[in-house]
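Undergrad: Mind having a look at this structure? Questions to follow.
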Amino acid sequence: VMLLALLFVGMNGSYYIHAIYNLPNETLIEWLQSLALLITIVIFVLMYRKLEDERSGLALIAGFFGSMFFREQDVYLNTETFPGWEICALFVLAAVFYIVYRRGIGEAVHGLAKFVSSGAFPLMAAGIAMLLVYSRLYGSGYLWSNIIIDTNDEMHELLHKAKRMSEESTELLGYVLMMLSAFFYRYLRREDIKKLKSNKKNP
């Protein structure tokens, strides 16, 4: 339901924004990608605060998505002389590695193992594969070159826009799958979080 709602909002919202503000059609889809990433990060950060014996692993996961989030903001952060998103991502990774160093690699392995062995991981793996493998292959110039090469300028522009929209939509699907995986993992760990909270109240 959430996936369908996001896709519906993206398709309709992009039409109205393009019509009113003359923005590129894929702009809203990119915003939805960032929103899905941000929600994913927030979920893992909140779990980081609650699952104390898995913090290093959860920090690595949140840091991974944090770096991806800044990568998506390259249009806003980067200039010709300033690699903004790379610097932001480096700060995130530095903070994550500091946490892992302070708390120990064993805790990181434990936290990652918990997530990988959970029922939420296949959904996450599918989302990452969709984003980092399929969408890259789908958007490769080699795949589209035979379609676009023998067209006039107007058709070339239309096909290029169609390529961009379909590629961005594929990436959005990957981000939504990852977000749903984060929600599902939080749901799966709800009893563990309740127990830890109860133990703190009644030591």
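Here's how to read the names in the structure tokens: chain A, B, ... by the order shown, residue numbers from 1 in each chain, ligand numbers from 1 in the order shown.
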Leaving out Lys197 in chain A and any residue of its chain fewer than 4 positions from it, which residues lie within 8 Å of it when counting only C-alpha atoms, given as a PyMOL selection string?
TA: chain A and resi 50+193+201
Undergrad: Would you save the residues from that selection as a PDB file, in the first residue's frame, using N, CA and C atoms?
TA:
ATOM      1  N   LYS A  50      18.167   2.273  20.965  1.00  0.00           N
ATOM      2  CA  LYS A  50      17.450   1.338  21.830  1.00  0.00           C
ATOM      3  C   LYS A  50      18.182   0.010  22.026  1.00  0.00           C
ATOM      4  N   ILE A 193      13.155  -4.815  21.958  1.00  0.00           N
ATOM      5  CA  ILE A 193      13.218  -3.432  22.442  1.00  0.00           C
ATOM      6  C   ILE A 193      12.371  -3.268  23.704  1.00  0.00           C
ATOM      7  N   LYS A 201      13.863  -0.336  33.431  1.00  0.00           N
ATOM      8  CA  LYS A 201      12.959   0.159  34.468  1.00  0.00           C
ATOM      9  C   LYS A 201      13.027  -0.697  35.724  1.00  0.00           C
TER      10      LYS A 201
END
Undergrad: Give the answer as one residue: which of A:Thr27, A:Arg164, A:Val96, A:Leu51 has the shortest atom-to-atom distance to Asp192 in chain A, using only C-alpha atoms?
TA: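 Among the listed residues, A:Leu51 lies closest to Asp192 in chain A.
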Undergrad: Taking only C-alpha atoms into account, name the residue in A:Leu32, A:Glu52, A:Val42, A:His110 that is nearest to Lys200 in chain A.
TA: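 Closest residue, counting only C-alpha atoms: A:Glu52.
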Undergrad: Which polymer residues have any atom within 12 Å of an atom of Val92 in chain A, counting only C-alpha atoms, with same-chain residues fewer than 5 positions away left out, as a ChimeraX atom specification?
TA: /A:41,59-71,85-87,97-99
Undergrad: Using C-alpha atoms, can you write the selected residues to a file as a short mmCIF file (atom, residue, chain, number, x, y, z; two decimals), in the first residue's frame?
TA:
data_model
loop_
_atom_site.label_atom_id
_atom_site.label_comp_id
_atom_site.auth_asym_id
_atom_site.auth_seq_id
_atom_site.Cartn_x
_atom_site.Cartn_y
_atom_site.Cartn_z
CA ILE A 41 18.16 6.38 8.28
CA ALA A 59 25.68 2.56 13.07
CA LEU A 60 27.29 0.92 10.04
CA ILE A 61 23.89 0.39 8.44
CA ALA A 62 22.74 3.94 9.19
CA GLY A 63 26.07 5.30 7.95
CA PHE A 64 25.75 3.40 4.69
CA PHE A 65 22.37 4.96 4.04
CA GLY A 66 23.59 8.34 5.25
CA SER A 67 26.31 8.30 2.62
CA MET A 68 23.75 7.35 -0.01
CA PHE A 69 21.53 10.22 1.13
CA PHE A 70 24.28 12.78 0.63
CA ARG A 71 25.10 11.22 -2.73
CA TRP A 85 28.46 15.39 -0.98
CA GLU A 86 31.78 13.56 -0.78
CA ILE A 87 32.86 15.67 2.19
CA PHE A 97 34.13 4.19 12.14
CA TYR A 98 34.81 6.07 15.37
CA ILE A 99 31.77 4.41 16.94
#
Undergrad: When you look at Phe115 in chain A with a cut-off of 10 Å (counting only C-alpha atoms), what residues show up, excluding the ones that are within fewer than 3 positions of it in the same chain? I need them as a list in words.
TA: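 So, after excluding close chain neighbours, the residues are Glu54, Gly57, Leu58, Ile61, His110, Gly111, Leu112, Ser118, Gly119, Ala120, Phe121, Met124, Ala182, Tyr185 and Arg189 of chain A.
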Undergrad: Of the residues A:Arg49, A:Lys195, A:Arg55, A:Arg190, which is the one nearest to Glu107 in chain A, using only C-alpha atoms?
TA: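 Selected residue with least distance to Glu107 in chain A: A:Arg55.
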Undergrad: What is the CA of Val176 in chain A-CA of Leu38 in chain A distance in Å, reported with one decimal?
TA: 11.0 Å
Undergrad: Would you mind telling me which residue in A:Leu188, A:Leu37, A:Leu90, A:Ala129 lies nearest to Ser117 in chain A when using only C-alpha atoms?
TA: A:Leu188
Undergrad: In terms of the shortest atom-to-atom distance over only C-alpha atoms, which of A:Ser198, A:Arg186, A:Leu180, A:Thr170 is closest to Ala36 in chain A?
TA: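 Of A:Ser198, A:Arg186, A:Leu180, A:Thr170, the one nearest Ala36 in chain A is A:Leu180, counting only C-alpha atoms.
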Undergrad: Measuring atom to atom with only C-alpha atoms, identify which of A:Cys88, A:Ile105, A:Leu137, A:Ala126 is nearest to Tyr175 in chain A.
TA: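 Among the listed residues, the smallest separation from Tyr175 in chain A belongs to A:Ala126.
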